[in-house]
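Asker: Take this structure first; my questions come after.
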Protein chains: 4
Amino acid sequence: MGNGYGKLAGYTQVEELGNVETPIILTNTLSVGTAVNATVRYILNLAGNEDVKSVNAVVGETNDGHLNDIRGGHVKEQDVLEAIAGAKSGPVEEGNVGAGTGTRVFGFKGGIGTASRMVPIDSVGSYVLGVLVQTNFGGTLDVNGAPVGRELRRSNQDTETVAGEDGSCMIVVATDAPLSSRNLKRLAGRALHGLARTGSSMSNGSGDYVIAFSTAYRIPHGSKETVPVPPLLPNGAMSPFFRAVSEATQEAIYNSMFMAETMEGYGGHIVPAIPVDKVIEICRNYNVLHLQKKLD
Amino acid sequence: MGNGYGKLAGYTQVEELGNVETPIILTNTLSVGTAVNATVRYILNLAGNEDVKSVNAVVGETNDGHLNDIRGGHVKEQDVLEAIAGAKSGPVEEGNVGAGTGTRVFGFKGGIGTASRMVPIDSVGSYVLGVLVQTNFGGTLDVNGAPVGRELRRSNQDTETVAGEDGSCMIVVATDAPLSSRNLKRLAGRALHGLARTGSSMSNGSGDYVIAFSTAYRIPHGSKETVPVPPLLPNGAMSPFFRAVSEATQEAIYNSMFMAETMEGYGGHIVPAIPVDKVIEICRNYNVLHLQKKLD
Amino acid sequence: MGNGYGKLAGYTQVEELGNVETPIILTNTLSVGTAVNATVRYILNLAGNEDVKSVNAVVGETNDGHLNDIRGGHVKEQDVLEAIAGAKSGPVEEGNVGAGTGTRVFGFKGGIGTASRMVPIDSVGSYVLGVLVQTNFGGTLDVNGAPVGRELRRSNQDTETVAGEDGSCMIVVATDAPLSSRNLKRLAGRALHGLARTGSSMSNGSGDYVIAFSTAYRIPHGSKETVPVPPLLPNGAMSPFFRAVSEATQEAIYNSMFMAETMEGYGGHIVPAIPVDKVIEICRNYNVLHLQKKLD
Amino acid sequence: MGNGYGKLAGYTQVEELGNVETPIILTNTLSVGTAVNATVRYILNLAGNEDVKSVNAVVGETNDGHLNDIRGGHVKEQDVLEAIAGAKSGPVEEGNVGAGTGTRVFGFKGGIGTASRMVPIDSVGSYVLGVLVQTNFGGTLDVNGAPVGRELRRSNQDTETVAGEDGSCMIVVATDAPLSSRNLKRLAGRALHGLARTGSSMSNGSGDYVIAFSTAYRIPHGSKETVPVPPLLPNGAMSPFFRAVSEATQEAIYNSMFMAETMEGYGGHIVPAIPVDKVIEICRNYNVLHLQKKLD
């Protein structure tokens, strides 16, 4: 889904069965095998799973080989298991964390970012849609339409210029809205619009994937009986979700940059954080700083 | 879906929205435009549709240009409208009827065929699955495994030999089981297994399509509200449906031949009906005549 | 391809065979059948095609039912045949022409737009990539990042507000670069990025399709012999084409608006042209008017 | 591709780029991560790859958890590396070898099987197409149409009855014909017809995948220059390849059974080899023993 130059594990079974049966793991390109192994081990060892013999681990990746000694294979199964054990609700850490530690985006330090939207639905109240991104791609940054990347390059703030165009973005979308697997797939497709709006080059070497899931219902593993599922939202209710996922993806990508810090990594490579004060100045010059407030 | 050398109209919207909003029409390759026009007209003229401005006509086709003066464009919109008006429940006419009038299959006269299966589901009772086919393809006929095509060729009963390999099969699957659009798509995919088992060559020029729909629930057009849908069958209940659709498709293809009659058509071309008595004899020699009875 | 709420005819065979065998026709939603009929007739009547019995007409559409009496079926086969006969090289007419006559976009008059890019390839010189769009969709217009739609709404220039969100964009991409059918499909996917960057809402009712073709080689119809094809560009050469198609699509959409004129149509509906002078003023305020010149 | 209940690694990048950049590895369901790790390690360590930071390992699997202590994780990276090092040309070992050691099919011992066809093309001579399968699925066996599975069950030779329906078949197709990635994908799809003809149930739990590649040309990794590729075979030449892949797949599945031996595995489970003499007898009774010789 999206641009397929990537090693997302678990893709075909999610497409076929419409469900996710493991935590979703993000890592670097060459650690997918290790992350699959750890995830499989985690599921096999859960109480009640003593007879489970099949696990479809979902593992996404981007390539952090500029800052990370990626060939060294430093991610171990234990790291993945600790990440799963440490998962918790509450605010999401952003920037140089987890699989975002070594990524870069638009020539600056990237990482993990997140954003969300409330989606009001008549007669139901509203649903929440959240997006988490792992940003690691090239292009020329636009912020709310302001050509931030070009302006920074003019003023020599872009120390590494565009640093190559290739690279990828992993996008995970979660919602508590009761959506069918088909509408979740449509929703995932629209997240790429938010990516496009940031100025991503989506080049030949891009592996931009989106996986979307709903927390509104659970699918008992292997059941042959009809499962009570809450009434699902129809196609006609999807437009505000499509807008929400596009906006939240765009914002999550910005957050991944604004929360990241300059990093010195493997081989002495340095990738600077984006200069947030300069970004604010440029956005002010382009009249887009308080876009939401001023215009909505 | 299946092999895409064909002109099935309406495909992408069915894939996107998971619903069918018109009768499903079958016709010949060069009459798809006319059938689309007629179907659109039919929907626009239904009471209550005075403001409808969008119709996704689903029209399948095979190429009957050997027996039919297909370039003459003899199918008129009125023919399609009469076919819709004449649709009725009860036994389905088979053989040289409708869009099957001019088709040929395995070198013999083909046409419309149908078959169905009951699918028992614990604690629910059972569901019905029906298949209707429009057969127009080459290959070498197997009947329940007996190499009928080869034997007939040996005894010179195959007057036109294989008559070219290209050609297509349109397959329509209906069930009263409450299946999601995703599982209906999976079901459609398995119908091709039944086609494969008859000896179809599925050549480069094949346009073999399957469309599967459920009558268990209706999707109100354009609704933005949550729709009451019956509980859907889970993935784990699909295996007997997959077997049923494969078997029923295979049987429907046989029925399309056994019910067809020799036809003389355009340009004096004659396509013979398959000699059913010879088929029975061959099946008897190969011990497959009463396969279901003897072995199940 | 893209968002599938639409009636694009000919899709599956293009996907299967990787070729286009007719002119590509654009029309309105309810005239697809008529356009298919006309295109089939055109191909059948070409000298040398006396024995042709199969034609895969490629017909795209958007829904102009606000300005056009779409239910009236005013497009006749003769109109389509005249359009084919009148096709010529040279500058492309834009705005309220052809299938763009009755469309609207971002609450303003839309239509046909076009743009192109040169794509330099080392050691080869350069290739041309052209995009033609038929714009008929909602959302909030951004021009080079400036929030033109929001500003116009503030100053009451947006007379019909957003006029609904649904609607579609047909995009046709042509290049003289020798690309494989697989890379043409990838190229088509990236055109949607340009669409996203204009502010399209890509709502539930969107049927956004892209078809991309190469003029670098012809595929003889029905040949069984190896065809001399020029050496194809490899995956590694695709990134500049991806950027080109995204940019040209964005620009073509703007051109479809800037060249359109206010129209009074069916039922007295009036759709205003976008006030170009106001757009220029807003773009100037947002510093994006001479973006290309100033910053590249 | 095929039925997606499986963990095939590397799928999306093959689909996107149309190439394979590692040996294709077959293993069991829970060892995919380990096989990915080993394959990545193998590629990184090849001379000249000192700077490679991205590897798309292609790893297929079936679930041998009945005979194998699959949860024990007994496949080690070293095993995979030795398998790669030991790859050689010449006759292919069949039956209980490699990833086929613990599989079962139609209630009997399955394994690795292979078969091939010569595909004559006018004016070129002929091409070779080979198929290798890893068989691990349920259903009721047909051999050349003879209902071998049913007859054996009647005579109590089927010791474990059908042993469940779920299970999968991995199919690898190789040819020296110069085919485009699009036609290789079409070819892969037709291999499933051969699978269908053996009586596979292709149930809900099936992960039936096919990967097809051509040895006619190599794609230099990362090249941006036009690559000399031999003239590719056109669509019109594909029909005999489609027939060849279907036949060879069917025969390879039979060979995987006929070459397998009774095995006692994990937990004392015994899976018998199919009684080949009984199969011959049944085939003789059904007149299909010398089908090829007698009838072609």
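Residues in the structure tokens are named by chain (A, B, ... in the order shown) and by number from 1 within that chain; ligands are numbered from 1 in the order shown.
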Write down as an NGL selection string the residues of range 44-269 of chain B whose backbone DSSP state falls under strand (DSSP E).
Answerer: :B and (58-62 or 104-105 or 108-109 or 112-121 or 125-136 or 168-175 or 207-214 or 263-264)
Asker: Return as JSON lines the residues of chain B lying at most 6 Å from chain D, together with the closest atom-to-atom pair for each and the distance in Å to one decimal, counting only C-alpha atoms, with rows in chain order and ascending residue number.
Answerer:
{"residue": "B:Gly145", "atom": "CA", "partner": "D:Gly145", "partner_atom": "CA", "distance": 3.4}
{"residue": "B:Ala146", "atom": "CA", "partner": "D:Gly145", "partner_atom": "CA", "distance": 5.9}
{"residue": "B:His193", "atom": "CA", "partner": "D:Ala196", "partner_atom": "CA", "distance": 5.2}
{"residue": "B:Ala196", "atom": "CA", "partner": "D:His193", "partner_atom": "CA", "distance": 5.3}
{"residue": "B:Arg197", "atom": "CA", "partner": "D:Arg197", "partner_atom": "CA", "distance": 5.1}
{"residue": "B:Ser203", "atom": "CA", "partner": "D:Ser239", "partner_atom": "CA", "distance": 4.6}
{"residue": "B:Asn204", "atom": "CA", "partner": "D:Ser239", "partner_atom": "CA", "distance": 5.0}
{"residue": "B:Met238", "atom": "CA", "partner": "D:Asn204", "partner_atom": "CA", "distance": 5.7}
{"residue": "B:Ser239", "atom": "CA", "partner": "D:Ser203", "partner_atom": "CA", "distance": 4.6}
{"residue": "B:Tyr286", "atom": "CA", "partner": "D:Tyr286", "partner_atom": "CA", "distance": 4.7}
{"residue": "B:Asn287", "atom": "CA", "partner": "D:Tyr286", "partner_atom": "CA", "distance": 5.8}
Asker: Any chance you can output those residues with all heavy atoms as a compact mmCIF listing (two decimals), in the first residue's frame?
Answerer:
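Generated file (selection-v4.txt):
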# COMPACT_ATOMS: atom_id res chain seq x y z
N GLY B 145 -12.99 -34.96 -14.00
CA GLY B 145 -11.68 -35.57 -14.14
C GLY B 145 -11.52 -36.41 -15.38
O GLY B 145 -10.41 -36.63 -15.84
N ALA B 146 -12.60 -36.89 -15.96
CA ALA B 146 -12.47 -37.69 -17.18
C ALA B 146 -12.08 -36.79 -18.35
O ALA B 146 -12.68 -35.73 -18.54
CB ALA B 146 -13.79 -38.39 -17.49
N HIS B 193 -11.16 -21.45 -9.32
CA HIS B 193 -10.64 -22.81 -9.17
C HIS B 193 -11.56 -23.80 -9.89
O HIS B 193 -11.10 -24.77 -10.47
CB HIS B 193 -10.52 -23.17 -7.70
CG HIS B 193 -9.67 -22.21 -6.92
ND1 HIS B 193 -9.51 -22.29 -5.57
CD2 HIS B 193 -8.95 -21.15 -7.32
CE1 HIS B 193 -8.72 -21.31 -5.17
NE2 HIS B 193 -8.37 -20.60 -6.21
N ALA B 196 -10.81 -23.61 -13.49
CA ALA B 196 -9.57 -24.32 -13.81
C ALA B 196 -9.80 -25.82 -13.90
O ALA B 196 -9.21 -26.50 -14.75
CB ALA B 196 -8.50 -24.02 -12.74
N ARG B 197 -10.66 -26.33 -13.05
CA ARG B 197 -10.87 -27.79 -13.00
C ARG B 197 -11.64 -28.34 -14.20
O ARG B 197 -11.66 -29.54 -14.44
CB ARG B 197 -11.55 -28.17 -11.69
CG ARG B 197 -10.61 -27.93 -10.49
CD ARG B 197 -11.31 -28.12 -9.16
NE ARG B 197 -11.77 -29.48 -8.94
CZ ARG B 197 -11.02 -30.47 -8.47
NH1 ARG B 197 -9.77 -30.24 -8.15
NH2 ARG B 197 -11.50 -31.67 -8.32
N SER B 203 -6.14 -18.54 -21.39
CA SER B 203 -5.04 -18.08 -22.24
C SER B 203 -4.84 -16.58 -22.14
O SER B 203 -5.49 -15.90 -21.36
CB SER B 203 -5.36 -18.46 -23.68
OG SER B 203 -6.49 -17.72 -24.10
N ASN B 204 -3.92 -16.10 -22.96
CA ASN B 204 -3.63 -14.66 -22.96
C ASN B 204 -4.87 -13.83 -23.22
O ASN B 204 -5.05 -12.75 -22.66
CB ASN B 204 -2.58 -14.35 -24.03
CG ASN B 204 -2.29 -12.87 -24.12
OD1 ASN B 204 -1.78 -12.29 -23.19
ND2 ASN B 204 -2.65 -12.27 -25.25
N MET B 238 -15.29 -19.42 6.32
CA MET B 238 -15.29 -19.30 4.86
C MET B 238 -14.96 -20.59 4.11
O MET B 238 -15.35 -20.76 2.95
CB MET B 238 -14.30 -18.21 4.43
CG MET B 238 -14.74 -16.79 4.78
SD MET B 238 -16.42 -16.38 4.20
CE MET B 238 -16.17 -16.44 2.42
N SER B 239 -14.22 -21.51 4.71
CA SER B 239 -13.74 -22.66 3.94
C SER B 239 -14.87 -23.41 3.22
O SER B 239 -14.75 -23.70 2.03
CB SER B 239 -12.93 -23.60 4.83
OG SER B 239 -11.71 -23.00 5.19
N TYR B 286 -14.49 -43.94 -17.66
CA TYR B 286 -13.52 -43.41 -16.71
C TYR B 286 -14.02 -43.49 -15.28
O TYR B 286 -13.42 -42.92 -14.37
CB TYR B 286 -13.14 -41.96 -17.08
CG TYR B 286 -12.12 -41.93 -18.19
CD1 TYR B 286 -12.51 -41.94 -19.52
CD2 TYR B 286 -10.75 -41.93 -17.91
CE1 TYR B 286 -11.58 -41.93 -20.54
CE2 TYR B 286 -9.81 -41.92 -18.92
CZ TYR B 286 -10.23 -41.92 -20.24
OH TYR B 286 -9.30 -41.92 -21.25
N ASN B 287 -15.13 -44.15 -15.11
CA ASN B 287 -15.60 -44.42 -13.75
C ASN B 287 -15.98 -43.15 -12.98
O ASN B 287 -15.93 -43.14 -11.75
CB ASN B 287 -14.49 -45.12 -12.95
CG ASN B 287 -14.76 -46.61 -12.82
OD1 ASN B 287 -15.90 -47.04 -12.93
ND2 ASN B 287 -13.71 -47.37 -12.59
Asker: Would you pick out the contacts of Val36 in chain D at 9 Å or less, using only C-alpha atoms, so that residues sharing its chain but fewer than 3 positions from it are not included, and give the list as a PyMOL selection string?
Answerer: (chain A and resi 32-34) or (chain D and resi 9+25+31-33+39-41+56-59+77)
Asker: Go ahead and save the residues from that selection, with all heavy atoms, as a short mmCIF file (atom, residue, chain, number, x, y, z; two decimals), in the first residue's frame.
Answerer:
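Okay, again-v1.cif is ready:
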data_model
loop_
_atom_site.label_atom_id
_atom_site.label_comp_id
_atom_site.auth_asym_id
_atom_site.auth_seq_id
_atom_site.Cartn_x
_atom_site.Cartn_y
_atom_site.Cartn_z
N VAL A 32 14.38 -6.21 10.33
CA VAL A 32 13.02 -6.73 10.23
C VAL A 32 12.97 -8.20 10.67
O VAL A 32 12.06 -8.61 11.39
CB VAL A 32 12.48 -6.57 8.79
CG1 VAL A 32 11.18 -7.33 8.61
CG2 VAL A 32 12.26 -5.09 8.49
N GLY A 33 13.94 -8.98 10.24
CA GLY A 33 13.96 -10.40 10.63
C GLY A 33 13.99 -10.57 12.13
O GLY A 33 13.25 -11.37 12.71
N THR A 34 14.84 -9.81 12.77
CA THR A 34 14.95 -9.88 14.23
C THR A 34 13.65 -9.44 14.90
O THR A 34 13.19 -10.07 15.87
CB THR A 34 16.12 -9.00 14.70
OG1 THR A 34 17.32 -9.51 14.12
CG2 THR A 34 16.24 -9.00 16.22
N ALA D 9 7.75 -13.08 3.02
CA ALA D 9 8.50 -11.84 3.21
C ALA D 9 8.96 -11.31 1.86
O ALA D 9 9.29 -12.09 0.96
CB ALA D 9 9.70 -12.08 4.12
N ILE D 25 14.12 -18.15 -0.46
CA ILE D 25 14.25 -19.14 0.61
C ILE D 25 12.88 -19.69 0.97
O ILE D 25 11.91 -18.93 1.04
CB ILE D 25 14.86 -18.46 1.87
CG1 ILE D 25 16.16 -17.74 1.51
CG2 ILE D 25 15.07 -19.48 2.98
CD1 ILE D 25 17.26 -18.64 1.02
N SER D 31 9.81 -19.60 11.19
CA SER D 31 11.24 -19.36 10.97
C SER D 31 11.49 -18.28 9.91
O SER D 31 12.63 -18.09 9.48
CB SER D 31 11.94 -20.66 10.55
OG SER D 31 11.87 -21.60 11.60
N VAL D 32 10.46 -17.57 9.51
CA VAL D 32 10.64 -16.56 8.46
C VAL D 32 11.62 -15.48 8.93
O VAL D 32 12.51 -15.05 8.17
CB VAL D 32 9.28 -15.94 8.06
CG1 VAL D 32 9.48 -14.73 7.16
CG2 VAL D 32 8.43 -16.98 7.34
N GLY D 33 11.49 -15.04 10.17
CA GLY D 33 12.40 -14.01 10.68
C GLY D 33 13.85 -14.45 10.62
O GLY D 33 14.73 -13.70 10.17
N THR D 39 19.43 -14.41 5.18
CA THR D 39 19.54 -13.98 3.79
C THR D 39 20.15 -12.58 3.71
O THR D 39 20.99 -12.29 2.86
CB THR D 39 18.15 -14.00 3.13
OG1 THR D 39 17.55 -15.27 3.36
CG2 THR D 39 18.25 -13.74 1.65
N VAL D 40 19.73 -11.72 4.63
CA VAL D 40 20.31 -10.38 4.69
C VAL D 40 21.82 -10.49 4.95
O VAL D 40 22.64 -9.86 4.28
CB VAL D 40 19.62 -9.55 5.80
CG1 VAL D 40 20.43 -8.30 6.13
CG2 VAL D 40 18.20 -9.20 5.39
N ARG D 41 22.17 -11.32 5.91
CA ARG D 41 23.59 -11.50 6.26
C ARG D 41 24.37 -12.01 5.04
O ARG D 41 25.47 -11.52 4.75
CB ARG D 41 23.68 -12.50 7.43
CG ARG D 41 25.02 -12.68 8.08
CD ARG D 41 25.60 -11.42 8.69
NE ARG D 41 24.62 -10.66 9.48
CZ ARG D 41 24.73 -9.37 9.79
NH1 ARG D 41 25.79 -8.68 9.38
NH2 ARG D 41 23.80 -8.75 10.48
N ASN D 56 16.16 -6.86 0.28
CA ASN D 56 14.78 -7.34 0.32
C ASN D 56 14.76 -8.86 0.24
O ASN D 56 14.65 -9.45 -0.83
CB ASN D 56 13.97 -6.75 -0.84
CG ASN D 56 12.49 -7.10 -0.74
OD1 ASN D 56 11.89 -6.95 0.33
ND2 ASN D 56 11.91 -7.58 -1.82
N ALA D 57 14.86 -9.51 1.38
CA ALA D 57 14.86 -10.97 1.42
C ALA D 57 13.49 -11.51 1.04
O ALA D 57 12.48 -11.06 1.56
CB ALA D 57 15.23 -11.45 2.82
N VAL D 58 13.48 -12.47 0.13
CA VAL D 58 12.23 -13.13 -0.25
C VAL D 58 12.20 -14.51 0.40
O VAL D 58 13.01 -15.38 0.09
CB VAL D 58 12.12 -13.25 -1.79
CG1 VAL D 58 10.87 -14.03 -2.16
CG2 VAL D 58 12.10 -11.87 -2.42
N VAL D 59 11.28 -14.67 1.33
CA VAL D 59 11.19 -15.91 2.11
C VAL D 59 9.75 -16.38 2.13
O VAL D 59 8.86 -15.67 2.60
CB VAL D 59 11.68 -15.70 3.56
CG1 VAL D 59 11.54 -16.99 4.36
CG2 VAL D 59 13.12 -15.20 3.59
N GLU D 77 20.09 -19.57 11.69
CA GLU D 77 20.62 -18.81 10.54
C GLU D 77 21.66 -19.63 9.79
O GLU D 77 21.75 -19.60 8.56
CB GLU D 77 21.23 -17.48 11.01
CG GLU D 77 20.18 -16.49 11.49
CD GLU D 77 20.75 -15.10 11.77
OE1 GLU D 77 21.73 -14.71 11.12
OE2 GLU D 77 20.20 -14.42 12.65
#
Asker: Using only C-alpha atoms, which protein or nucleic acid residues come within 10 Å of Val80 in chain D? Drop anything in the same chain fewer than 5 positions from it, and give the result as JSON, numbers by chain.
Answerer: {"D": [25, 26, 27, 34, 35, 36, 37, 38, 39, 42, 75, 85, 86, 98]}
Asker: Identify all residues of range 80-183 of chain D in alpha helix (DSSP H) (DSSP on the backbone) and supply them as a ChimeraX atom specification.
Answerer: /D:80-85,148-154,181-183
Asker: Which neighbours of Ala273 in chain D fall inside 12 Å, counting only C-alpha atoms, when residues of the same chain fewer than 4 positions from it are skipped, and could you give them as a list of chain:residue names?
Answerer: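 Near neighbours after the sequence-gap exclusion: D:Gly95, D:Asn96, D:Gly102, D:Thr103, D:Arg104, D:Val105, D:Phe106, D:Gly107, D:Phe108, D:Lys109, D:Gly110, D:Gly111, D:Gln157, D:Asp158, D:Thr159, D:Glu160, D:Asn255, D:Ser256, D:Met257, D:Phe258, D:Met259, D:Ala260, D:Glu261, D:Thr262, D:Met263, D:Glu264, D:Asp277, D:Lys278, D:Val279.
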Asker: Rank nothing, just name the residue among C:Leu232, C:Ala216, C:Ile270, C:Ile211 nearest to Thr12 in chain C, using only C-alpha atoms.
Answerer: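 The closest residue to Thr12 in chain C is C:Ile211.
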Asker: Can you pull out the residues contacting Gly130 in chain D? Cut-off 9 Å, using only C-alpha atoms, and skip same-chain residues under 6 positions away; I want them as a list in words.
Answerer: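 The filter keeps Thr114, Ala115, Ser116, Arg117, Met118, Val172, Val173, Ala174, Thr175, Ala244, Val245, Ala248 and Thr249 of chain D.
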Asker: Print the selection's residues with N, CA, C and O atoms to a file, as a CSV table (one decimal), in the first residue's frame.
Answerer:
chain,number,residue,atom,x,y,z
D,114,THR,N,9.1,-30.9,-8.2
D,114,THR,CA,9.5,-30.1,-9.3
D,114,THR,C,9.0,-30.7,-10.6
D,114,THR,O,8.9,-31.9,-10.7
D,115,ALA,N,8.8,-29.9,-11.6
D,115,ALA,CA,8.5,-30.3,-12.9
D,115,ALA,C,8.8,-29.2,-13.9
D,115,ALA,O,8.9,-28.1,-13.5
D,116,SER,N,8.9,-29.5,-15.2
D,116,SER,CA,9.2,-28.5,-16.1
D,116,SER,C,8.6,-28.8,-17.5
D,116,SER,O,8.1,-29.9,-17.7
D,117,ARG,N,8.6,-27.8,-18.3
D,117,ARG,CA,8.0,-27.9,-19.7
D,117,ARG,C,8.9,-27.1,-20.6
D,117,ARG,O,9.5,-26.1,-20.3
D,118,MET,N,9.0,-27.6,-21.9
D,118,MET,CA,9.6,-26.8,-23.0
D,118,MET,C,8.5,-26.1,-23.6
D,118,MET,O,7.4,-26.7,-23.9
D,172,VAL,N,7.3,-21.7,-6.8
D,172,VAL,CA,8.4,-20.9,-7.4
D,172,VAL,C,8.5,-21.3,-8.9
D,172,VAL,O,8.6,-22.4,-9.2
D,173,VAL,N,8.4,-20.3,-9.8
D,173,VAL,CA,8.4,-20.5,-11.2
D,173,VAL,C,9.6,-19.8,-11.8
D,173,VAL,O,9.9,-18.6,-11.6
D,174,ALA,N,10.4,-20.6,-12.6
D,174,ALA,CA,11.6,-20.0,-13.2
D,174,ALA,C,11.5,-20.3,-14.7
D,174,ALA,O,11.1,-21.4,-15.1
D,175,THR,N,11.9,-19.3,-15.5
D,175,THR,CA,12.0,-19.5,-17.0
D,175,THR,C,13.1,-18.8,-17.6
D,175,THR,O,13.6,-17.8,-17.0
D,244,ALA,N,1.8,-24.2,-19.9
D,244,ALA,CA,3.0,-24.9,-19.3
D,244,ALA,C,3.1,-24.7,-17.8
D,244,ALA,O,3.3,-25.7,-17.1
D,245,VAL,N,2.8,-23.6,-17.3
D,245,VAL,CA,2.9,-23.3,-15.9
D,245,VAL,C,1.9,-24.1,-15.1
D,245,VAL,O,2.1,-24.6,-14.0
D,248,ALA,N,2.9,-27.9,-15.3
D,248,ALA,CA,4.1,-28.2,-14.5
D,248,ALA,C,3.8,-28.1,-13.0
D,248,ALA,O,4.4,-28.8,-12.2
D,249,THR,N,3.0,-27.1,-12.7
D,249,THR,CA,2.6,-27.0,-11.2
D,249,THR,C,1.9,-28.3,-10.8
D,249,THR,O,2.2,-28.8,-9.7
Asker: Using only C-alpha atoms, which residues sit within 8 Å of Leu184 in chain B once same-chain residues fewer than 6 positions away are excluded, as a PyMOL selection string?
Answerer: chain B and resi 212-214
Asker: For all heavy atoms, I'd like the residues from the last selection saved as a PDB file, in the first residue's frame.
Answerer:
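Final file, selection-v8.pdb:
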ATOM      1  N   ALA B 212     -19.179 -11.422  -6.943  1.00  0.00           N
ATOM      2  CA  ALA B 212     -19.942 -12.130  -5.914  1.00  0.00           C
ATOM      3  C   ALA B 212     -20.684 -11.116  -5.063  1.00  0.00           C
ATOM      4  O   ALA B 212     -20.128 -10.087  -4.683  1.00  0.00           O
ATOM      5  CB  ALA B 212     -18.998 -12.954  -5.039  1.00  0.00           C
ATOM      6  N   PHE B 213     -21.947 -11.409  -4.770  1.00  0.00           N
ATOM      7  CA  PHE B 213     -22.710 -10.489  -3.919  1.00  0.00           C
ATOM      8  C   PHE B 213     -23.550 -11.282  -2.928  1.00  0.00           C
ATOM      9  O   PHE B 213     -23.818 -12.464  -3.117  1.00  0.00           O
ATOM     10  CB  PHE B 213     -23.582  -9.549  -4.754  1.00  0.00           C
ATOM     11  CG  PHE B 213     -24.649 -10.234  -5.576  1.00  0.00           C
ATOM     12  CD1 PHE B 213     -25.914 -10.440  -5.049  1.00  0.00           C
ATOM     13  CD2 PHE B 213     -24.378 -10.667  -6.860  1.00  0.00           C
ATOM     14  CE1 PHE B 213     -26.900 -11.070  -5.808  1.00  0.00           C
ATOM     15  CE2 PHE B 213     -25.356 -11.312  -7.626  1.00  0.00           C
ATOM     16  CZ  PHE B 213     -26.622 -11.509  -7.095  1.00  0.00           C
ATOM     17  N   SER B 214     -23.935 -10.604  -1.865  1.00  0.00           N
ATOM     18  CA  SER B 214     -24.757 -11.210  -0.831  1.00  0.00           C
ATOM     19  C   SER B 214     -26.128 -10.559  -0.827  1.00  0.00           C
ATOM     20  O   SER B 214     -26.247  -9.342  -0.988  1.00  0.00           O
ATOM     21  CB  SER B 214     -24.095 -11.005   0.540  1.00  0.00           C
ATOM     22  OG  SER B 214     -25.015 -11.326   1.569  1.00  0.00           O
TER      23      SER B 214
END
Asker: Could you work out how far CA of Ser180 in chain B lies from CA of Leu233 in chain B, giving the answer in Å with one decimal?
Answerer: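 The value is 7.7 Å.
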